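S.K.: Handing over input_15.txt, compact mmCIF, C-alpha atoms.
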# COMPACT_ATOMS: atom_id res chain seq x y z
CA MET A 1 55.60 210.35 328.24
CA SER A 2 54.85 213.49 326.28
CA ARG A 3 52.21 216.13 326.65
CA GLU A 4 50.82 218.79 324.45
CA GLU A 5 51.79 221.52 326.88
CA THR A 6 54.56 221.89 329.40
CA ALA A 7 53.33 222.06 332.96
CA GLN A 8 54.97 224.69 335.10
CA LEU A 9 55.80 224.43 338.77
CA THR A 10 53.34 226.51 340.76
CA PRO A 11 54.44 228.09 343.04
CA PRO A 12 58.17 228.12 342.25
CA VAL A 13 60.70 226.78 344.75
CA ASN A 14 60.70 228.95 347.82
CA GLU A 15 63.60 228.81 350.22
CA SER A 16 61.49 229.88 353.17
CA ARG A 17 59.06 226.97 352.93
CA ASP A 18 60.41 224.19 350.73
CA ASN A 19 62.60 221.30 351.82
CA ILE A 20 65.74 221.91 349.82
CA HIS A 21 68.87 219.75 349.59
CA GLY A 22 71.76 221.69 348.12
CA SER A 23 72.06 225.27 347.03
CA GLN A 24 69.42 227.12 345.07
CA LYS A 25 72.34 228.68 343.22
CA ALA A 26 73.10 225.27 341.68
CA PRO A 27 72.68 225.27 337.89
CA VAL A 28 69.92 222.71 337.98
CA THR A 29 67.03 222.16 340.39
CA LEU A 30 65.19 218.86 340.46
CA LEU A 31 61.92 218.88 342.38
CA GLU A 32 59.95 215.78 343.24
CA TYR A 33 56.32 215.48 344.25
CA GLY A 34 56.33 212.21 346.15
CA ASP A 35 54.38 209.89 348.42
CA TYR A 36 56.28 207.95 351.10
CA GLU A 37 54.16 204.84 350.63
CA CYS A 38 54.28 204.82 346.82
CA PRO A 39 56.46 201.97 345.54
CA TYR A 40 57.51 203.93 342.46
CA CYS A 41 58.66 206.79 344.68
CA GLY A 42 60.61 204.18 346.63
CA GLN A 43 62.38 203.19 343.41
CA ALA A 44 63.00 206.82 342.58
CA TYR A 45 64.49 207.43 346.05
CA SER A 46 67.55 205.28 345.45
CA ILE A 47 67.92 206.63 341.91
CA ILE A 48 67.89 210.22 343.18
CA LYS A 49 70.50 209.33 345.80
CA ASN A 50 72.79 208.07 343.05
CA VAL A 51 72.07 211.12 340.90
CA GLN A 52 72.95 213.39 343.84
CA ASN A 53 76.23 211.51 344.32
CA ILE A 54 77.13 211.96 340.66
CA LEU A 55 76.14 215.62 340.29
CA GLY A 56 77.19 216.87 343.72
CA ASN A 57 76.92 220.62 344.17
CA SER A 58 75.61 221.08 340.65
CA LEU A 59 72.24 219.75 341.75
CA CYS A 60 69.64 221.26 344.04
CA PHE A 61 66.99 218.72 345.04
CA VAL A 62 63.60 219.73 346.43
CA PHE A 63 60.88 217.46 347.82
CA ARG A 64 57.18 218.27 348.10
CA ASN A 65 54.51 216.00 349.54
CA PHE A 66 51.91 214.41 347.32
CA PRO A 67 50.28 211.72 349.49
CA ILE A 68 47.63 209.61 347.78
CA THR A 69 45.81 208.92 351.01
CA GLN A 70 42.94 206.86 349.63
CA SER A 71 45.36 204.29 348.23
CA HIS A 72 48.13 204.61 350.78
CA PRO A 73 46.82 204.67 354.35
CA HIS A 74 50.15 205.68 355.92
CA ALA A 75 51.17 208.31 353.39
CA GLN A 76 49.63 211.30 355.15
CA HIS A 77 51.08 210.61 358.61
CA SER A 78 54.44 209.78 357.07
CA ALA A 79 54.47 213.12 355.27
CA GLU A 80 53.53 214.88 358.51
CA ALA A 81 56.29 212.99 360.35
CA ALA A 82 58.87 214.21 357.84
CA GLU A 83 57.66 217.79 358.27
CA CYS A 84 57.71 217.41 362.08
CA ALA A 85 61.32 216.24 361.75
CA GLY A 86 61.96 219.17 359.43
CA ALA A 87 60.82 221.55 362.16
CA GLN A 88 63.67 220.05 364.18
CA ASN A 89 66.09 220.41 361.25
CA LYS A 90 66.03 216.72 360.37
CA PHE A 91 63.72 216.61 357.38
CA TRP A 92 66.10 214.77 355.06
CA GLU A 93 67.09 212.27 357.72
CA MET A 94 63.43 211.36 358.25
CA HIS A 95 62.73 211.43 354.50
CA ASP A 96 65.49 208.88 353.99
CA ILE A 97 64.38 206.60 356.83
CA LEU A 98 60.80 206.59 355.53
CA TYR A 99 61.83 205.62 352.02
CA GLU A 100 64.17 202.98 353.37
CA HIS A 101 61.34 201.47 355.44
CA GLN A 102 58.32 201.74 353.17
CA GLN A 103 56.85 198.54 354.57
CA ALA A 104 56.79 199.96 358.13
CA LEU A 105 55.14 203.37 358.11
CA ASP A 106 52.47 202.98 360.80
CA ASP A 107 52.38 205.47 363.66
CA LYS A 108 54.30 203.15 365.99
CA HIS A 109 57.20 202.99 363.54
CA LEU A 110 57.08 206.74 362.87
CA LYS A 111 57.57 207.29 366.59
CA LYS A 112 60.47 204.85 366.58
CA TYR A 113 62.14 206.71 363.70
CA ALA A 114 61.79 209.97 365.63
CA GLU A 115 63.64 208.28 368.51
CA VAL A 116 66.35 206.97 366.20
CA LEU A 117 66.87 210.53 364.93
CA GLU A 118 66.94 211.77 368.52
CA LEU A 119 64.19 214.27 367.92
CA ASP A 120 62.58 216.04 370.84
CA LYS A 121 60.07 213.25 371.41
CA TYR A 122 57.54 215.39 373.29
CA ARG A 123 57.48 217.98 370.55
CA PHE A 124 57.25 215.29 367.87
CA LYS A 125 54.39 213.57 369.70
CA ASN A 126 52.56 216.86 370.17
CA ASP A 127 53.05 217.95 366.56
CA MET A 128 51.92 214.58 365.23
CA SER A 129 48.87 214.19 367.47
CA ASN A 130 47.73 217.75 366.75
CA HIS A 131 48.47 217.37 363.03
CA ILE A 132 50.39 220.63 363.10
CA TYR A 133 51.80 220.02 359.62
CA ALA A 134 48.71 218.54 357.98
CA SER A 135 47.84 221.85 356.34
CA ARG A 136 51.36 222.21 355.00
CA VAL A 137 51.19 218.74 353.48
CA ARG A 138 47.85 219.64 351.90
CA GLU A 139 49.35 222.86 350.55
CA ASP A 140 52.07 220.81 348.91
CA PHE A 141 49.48 218.44 347.46
CA LEU A 142 47.37 221.25 346.02
CA SER A 143 50.42 223.00 344.60
CA GLY A 144 51.18 219.71 342.88
CA VAL A 145 47.70 219.56 341.40
CA ARG A 146 48.09 223.10 340.07
CA SER A 147 51.51 222.23 338.73
CA GLY A 148 50.00 219.37 336.72
CA VAL A 149 51.18 216.40 338.79
CA ASN A 150 49.56 213.38 337.18
CA SER A 151 51.20 210.49 339.03
CA THR A 152 53.86 209.89 341.63
CA PRO A 153 56.71 210.43 341.54
CA CYS A 154 56.41 213.56 339.40
CA PHE A 155 59.53 215.57 338.64
CA TYR A 156 60.19 219.18 337.65
CA ILE A 157 63.52 220.36 336.27
CA ASN A 158 64.16 224.07 336.68
CA GLY A 159 60.43 224.61 337.11
CA LEU A 160 59.11 222.59 334.17
CA ARG A 161 57.56 219.15 334.44
CA TYR A 162 59.83 216.37 333.29
CA ASP A 163 57.75 213.76 331.50
CA ASN A 164 60.46 211.43 330.25
CA SER A 165 61.97 208.38 331.90
CA TRP A 166 63.36 208.89 335.40
CA ASP A 167 65.73 205.98 335.30
CA PHE A 168 69.26 206.81 336.43
CA GLU A 169 70.86 207.20 333.00
CA ALA A 170 68.06 209.32 331.57
CA LEU A 171 67.92 211.62 334.59
CA VAL A 172 71.67 212.15 334.72
CA LYS A 173 71.82 212.82 330.98
CA THR A 174 69.00 215.36 331.14
CA LEU A 175 70.28 217.12 334.23
CA LYS A 176 73.81 217.29 332.80
CA SER A 177 72.47 218.86 329.62
CA HIS A 178 70.86 221.61 331.75
CA ILE A 179 74.14 222.11 333.61
CA LYS A 180 76.07 222.38 330.34
CA LYS A 181 73.70 225.04 329.05
CA LEU A 182 74.73 227.27 331.92
CA ALA A 183 78.46 226.39 331.83
CA MET B 1 42.05 228.05 330.66
CA SER B 2 39.87 229.65 328.02
CA ASP B 3 37.34 227.77 325.96
CA THR B 4 39.45 228.50 322.89
CA GLN B 5 42.50 226.91 324.43
CA SER B 6 40.62 223.82 325.47
CA GLN B 7 39.13 223.55 322.00
CA GLN B 8 42.60 223.62 320.51
CA GLN B 9 43.66 220.76 322.73
CA SER B 10 40.78 218.50 321.82
CA GLN B 11 42.02 216.25 319.08
CA THR B 12 38.86 214.36 318.24
CA THR B 13 35.24 215.10 317.58
CA ALA B 14 34.71 215.70 321.27
CA LEU B 15 31.81 217.97 322.10
CA GLN B 16 33.01 221.49 322.61
CA PRO B 17 32.24 224.22 325.17
CA GLY B 18 28.91 225.94 324.73
CA ILE B 19 26.99 222.79 323.82
CA THR B 20 24.38 221.31 326.16
CA ALA B 21 25.70 218.00 327.46
CA PRO B 22 23.64 215.05 326.22
CA ASP B 23 21.71 213.37 329.02
CA PHE B 24 22.23 209.69 329.77
CA THR B 25 21.38 207.01 332.27
CA LEU B 26 23.98 204.34 332.99
CA ARG B 27 24.45 201.60 335.55
CA THR B 28 26.90 202.13 338.38
CA THR B 29 26.23 198.89 340.25
CA PRO B 30 24.33 195.75 339.22
CA ASP B 31 21.08 197.21 340.57
CA GLN B 32 21.63 200.97 340.51
CA SER B 33 21.67 203.53 337.71
CA ILE B 34 22.63 207.19 337.60
CA SER B 35 21.22 209.83 335.24
CA LEU B 36 23.17 212.93 334.38
CA ASN B 37 20.12 215.14 334.84
CA GLN B 38 19.91 214.24 338.52
CA TYR B 39 23.00 216.41 339.02
CA ARG B 40 21.46 219.48 337.38
CA GLY B 41 22.05 222.48 339.63
CA ASN B 42 25.66 221.56 340.35
CA PRO B 43 28.76 221.54 338.15
CA VAL B 44 29.68 218.04 336.96
CA ILE B 45 33.04 216.70 335.83
CA LEU B 46 32.77 213.74 333.47
CA VAL B 47 35.95 211.68 333.34
CA PHE B 48 35.94 209.31 330.36
CA TYR B 49 38.78 206.80 330.68
CA PRO B 50 39.81 203.84 328.53
CA ALA B 51 39.79 200.94 330.97
CA ASP B 52 39.64 199.91 334.61
CA PHE B 53 42.98 198.65 335.99
CA SER B 54 45.17 199.97 333.18
CA PRO B 55 48.10 201.85 334.75
CA VAL B 56 47.37 205.37 333.51
CA CYS B 57 43.65 205.09 334.26
CA GLY B 58 44.49 203.94 337.74
CA ASP B 59 46.64 207.02 338.29
CA GLU B 60 44.06 209.31 336.76
CA MET B 61 41.11 208.03 338.77
CA THR B 62 43.21 207.91 341.94
CA LEU B 63 44.15 211.55 341.46
CA PHE B 64 40.56 212.67 340.87
CA ASN B 65 39.48 210.59 343.85
CA GLU B 66 42.08 212.25 346.05
CA LEU B 67 40.92 215.65 344.86
CA LEU B 68 37.27 214.97 345.58
CA PRO B 69 37.19 217.28 348.64
CA GLU B 70 38.42 220.17 346.46
CA PHE B 71 35.81 219.50 343.81
CA GLN B 72 33.13 219.16 346.48
CA ARG B 73 34.22 222.44 348.03
CA LEU B 74 33.21 223.98 344.70
CA ASN B 75 29.95 221.94 344.77
CA ALA B 76 31.04 219.85 341.81
CA GLU B 77 30.26 216.17 341.28
CA VAL B 78 32.76 213.86 339.61
CA ILE B 79 31.70 210.87 337.52
CA GLY B 80 33.94 208.28 335.84
CA ILE B 81 32.77 206.54 332.64
CA SER B 82 34.30 203.65 330.71
CA VAL B 83 33.03 200.71 328.67
CA ASP B 84 33.89 198.22 331.43
CA GLY B 85 31.07 196.25 333.04
CA VAL B 86 29.66 196.87 336.51
CA TRP B 87 31.50 193.98 338.15
CA CYS B 88 34.78 195.19 336.78
CA HIS B 89 33.99 198.70 338.04
CA LEU B 90 33.19 197.34 341.49
CA ALA B 91 36.50 195.48 341.68
CA PHE B 92 38.41 198.54 340.42
CA SER B 93 36.67 200.85 342.91
CA LYS B 94 37.40 198.47 345.73
CA GLU B 95 41.06 198.13 344.86
CA LYS B 96 41.61 201.87 344.50
CA ASN B 97 39.22 202.83 347.31
CA LEU B 98 37.39 205.13 344.92
CA LYS B 99 34.59 207.35 346.17
CA ILE B 100 33.75 208.51 342.65
CA PRO B 101 30.82 206.71 340.98
CA LEU B 102 31.96 204.75 337.95
CA LEU B 103 29.38 204.36 335.20
CA THR B 104 29.36 201.55 332.72
CA ASP B 105 28.93 202.48 329.05
CA PHE B 106 28.75 198.78 328.33
CA GLU B 107 25.52 198.05 326.43
CA PRO B 108 25.03 199.34 323.82
CA LYS B 109 28.79 199.58 323.99
CA GLY B 110 30.15 203.11 324.03
CA GLU B 111 26.79 204.71 323.27
CA VAL B 112 27.33 207.63 325.66
CA ALA B 113 30.96 208.07 324.62
CA LYS B 114 29.76 208.29 321.01
CA LYS B 115 27.27 211.03 321.96
CA TYR B 116 30.14 213.01 323.45
CA GLY B 117 32.39 212.32 320.47
CA VAL B 118 34.98 210.40 322.49
CA TYR B 119 34.60 206.78 321.36
CA ARG B 120 37.57 205.05 319.74
CA LYS B 121 35.79 202.67 317.43
CA LYS B 122 38.98 200.96 316.32
CA ASP B 123 39.95 200.10 319.90
CA GLY B 124 36.47 199.64 321.35
CA ILE B 125 37.20 201.99 324.25
CA THR B 126 36.61 205.63 325.12
CA GLU B 127 39.12 208.40 324.70
CA ARG B 128 40.78 209.80 327.80
CA ALA B 129 38.55 212.86 327.99
CA LEU B 130 37.37 215.42 330.52
CA PHE B 131 34.22 217.51 330.34
CA LEU B 132 33.15 220.14 332.81
CA LEU B 133 29.43 220.93 332.79
CA ASP B 134 28.06 223.97 334.54
CA ARG B 135 25.02 223.88 336.80
CA ASP B 136 22.77 224.23 333.74
CA GLY B 137 24.34 221.26 332.00
CA ILE B 138 26.28 223.34 329.46
CA ILE B 139 29.77 222.08 328.58
CA ARG B 140 32.29 224.67 329.78
CA TYR B 141 35.53 222.74 329.33
CA SER B 142 36.43 219.88 327.02
CA HIS B 143 39.78 218.17 326.89
CA VAL B 144 41.01 215.01 325.18
CA SER B 145 44.43 213.67 326.15
CA PRO B 146 46.62 211.30 324.22
CA ILE B 147 45.42 207.86 325.32
CA GLY B 148 48.55 207.12 327.36
CA VAL B 149 48.79 210.47 329.10
CA ASN B 150 47.12 211.27 332.38
CA PRO B 151 45.75 214.80 331.89
CA GLY B 152 46.17 215.72 335.54
CA ALA B 153 43.52 217.87 337.16
CA ASP B 154 44.97 221.35 336.83
CA GLY B 155 43.04 222.31 333.70
CA VAL B 156 39.63 221.18 334.84
CA LEU B 157 40.16 222.59 338.33
CA LYS B 158 41.03 226.01 336.89
CA ALA B 159 37.96 225.88 334.65
CA LEU B 160 35.78 224.90 337.59
CA GLU B 161 37.12 227.74 339.71
CA SER B 162 36.48 230.09 336.83
CA ILE B 163 32.81 229.15 336.45
CA SER B 164 32.31 229.12 340.20
CA GLN B 165 33.61 232.69 340.43
CA SER B 166 31.57 233.87 337.45
CA LYS B 167 28.43 232.56 339.12
CA GLY B 168 29.32 234.50 342.25
For this file, write the structure as structure tokens.
M.R.:
Amino acid sequence: MSREETAQLTPPVNESRDNIHGSQKAPVTLLEYGDYECPYCGQAYSIIKNVQNILGNSLCFVFRNFPITQSHPHAQHSAEAAECAGAQNKFWEMHDILYEHQQALDDKHLKKYAEVLELDKYRFKNDMSNHIYASRVREDFLSGVRSGVNSTPCFYINGLRYDNSWDFEALVKTLKSHIKKLA
Amino acid sequence: MSDTQSQQQSQTTALQPGITAPDFTLRTTPDQSISLNQYRGNPVILVFYPADFSPVCGDEMTLFNELLPEFQRLNAEVIGISVDGVWCHLAFSKEKNLKIPLLTDFEPKGEVAKKYGVYRKKDGITERALFLLDRDGIIRYSHVSPIGVNPGADGVLKALESISQSKG
């Protein structure tokens, strides 16, 4: 997919608020706007895992929420559950469980996943029922809109929207070319 | 985004900022029609899209639907228009859970799209185009995307915020 202008990530990756896997000092940063109930994001999940395995410390991966709630009834609560887990330092563990169980994202299952991850269940329950992280999820969504997200998953490489194929080979090739530039 | 920038991005004969948007009345359900002039007094975003159910259109309308609270916060109305018939629109709305009214530019086919300069005669569908009208019905933003590219909502949202601020 091409576009007549290059959309820029707004705001840029911020260590104090973003969910970041890897070091921001890595030569290439891949950011995804994703929805836990989106089947395409589910496909991208396993691709990204493989890309991370190949690129190792050269890659910094960032995830922001972009739940399409009118189409995906469990997307919002799933995003909040991941942020609740993040508050207990287990964002990526919850992120992975959610993408590995996309067919079971109702509240009952979210609670079960919190138990599997041995989260503080009272805190998780309180944070979920009071929607403590709903505003954060919305902030992510609106930042995505301003960054020009036009579907999910939507990727940004070093702050610029990546509009080409996100299959494994294409992603690795593109990310490696960014790494080489800095080598 | 400035009017000049949005003009540069329009690749067709799409109506440009500064022009009064042509009025129209189109069906939205088998027994209900909507006229553009009934929205006078509020900003209106017209989303012309090629076809119900095609993948990019689905993404585009889903995104605008999801953003409806933001547009409503700025008192703007959002209207989708394609050449599909009302029954097709109803099925599409139901599948995507759309809250945005979809108007059918079905008979005479593409008449409204032609007035806005966004009809693709060769293909018999509308361009993928966005227009922002201010509360007086003047076009303030005009954007035509390549047919296979979802424009996103960043451009029209910025333009809407800009006219909302300028009106105080």
S.K.: So, with all atoms listed in the file as the atoms that count, which of A:Gln8, A:Gln88, A:Thr29, A:Ser16 lies closest to chain B?
M.R.: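 Closest to chain B of all the choices is A:Gln8.
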S.K.: Give me, as a tab-separated table, each residue of chain A that comes within 7 Å of chain B, together with its shortest interatomic pair and the distance in Å at one decimal, counting all atoms listed in the file, with rows ordered by chain and rising residue number.
M.R.:
residue	atom	partner	partner_atom	distance
A:Met1	CA	B:Val149	CA	6.9
A:Ile68	CA	B:Glu66	CA	6.4
A:Gln70	CA	B:Asn97	CA	6.0
A:Ser71	CA	B:Lys96	CA	5.8
A:Val145	CA	B:Asp154	CA	5.6
A:Arg146	CA	B:Asp154	CA	4.8
A:Ser147	CA	B:Asp154	CA	6.9
A:Gly148	CA	B:Asp154	CA	5.4
A:Val149	CA	B:Gly152	CA	6.0
A:Asn150	CA	B:Gly152	CA	4.4
A:Ser151	CA	B:Asp59	CA	5.8
S.K.: Name all residues at most 9 Å from region 71-80 of chain B (count all atoms listed in the file; drop same-chain ones fewer than 5 positions away) and give them as a PyMOL selection string.
M.R.: chain B and resi 39+42-49+61+64-65+100-104+134-135+157+160-161+164
S.K.: Would you compute the distance between CA of Asn158 (chain A) and CA of Gly56 (chain A)? Give it in Å to one decimal.
M.R.: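 Between CA of Asn158 (chain A) and CA of Gly56 (chain A) the gap works out to 16.5 Å.
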S.K.: Record the distance separating CA of Leu68 (chain B) and CA of Phe141 (chain A), expressed in Å with one decimal.
M.R.: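 These atoms are spaced 12.8 Å apart.
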S.K.: Report, in Å to a single decimal, how far apart CA of Gly34 (chain A) and CA of Leu119 (chain A) are.
M.R.: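 So the two atoms, CA of Leu119 (chain A) and CA of Gly34 (chain A), lie 23.2 Å apart.
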S.K.: What lies within 9 Å of Gly42 (chain A) using all atoms listed in the file, ignoring chain neighbours under 6 positions off, as a short mmCIF file (atom, residue, chain, number, x, y, z; two decimals) with C-alpha atoms, keeping the file's coordinate frame?
M.R.:
data_model
loop_
_atom_site.label_atom_id
_atom_site.label_comp_id
_atom_site.auth_asym_id
_atom_site.auth_seq_id
_atom_site.Cartn_x
_atom_site.Cartn_y
_atom_site.Cartn_z
CA ASP A 35 54.38 209.89 348.42
CA TYR A 36 56.28 207.95 351.10
CA TYR A 99 61.83 205.62 352.02
CA GLU A 100 64.17 202.98 353.37
CA GLN A 102 58.32 201.74 353.17
CA PRO A 153 56.71 210.43 341.54
#
S.K.: From the set B:Ala51, B:Val144, B:Ile138, B:Ala91, which residue has the shortest atom-to-atom contact distance to Leu36 (chain B), counting only C-alpha atoms?
M.R.: B:Ile138
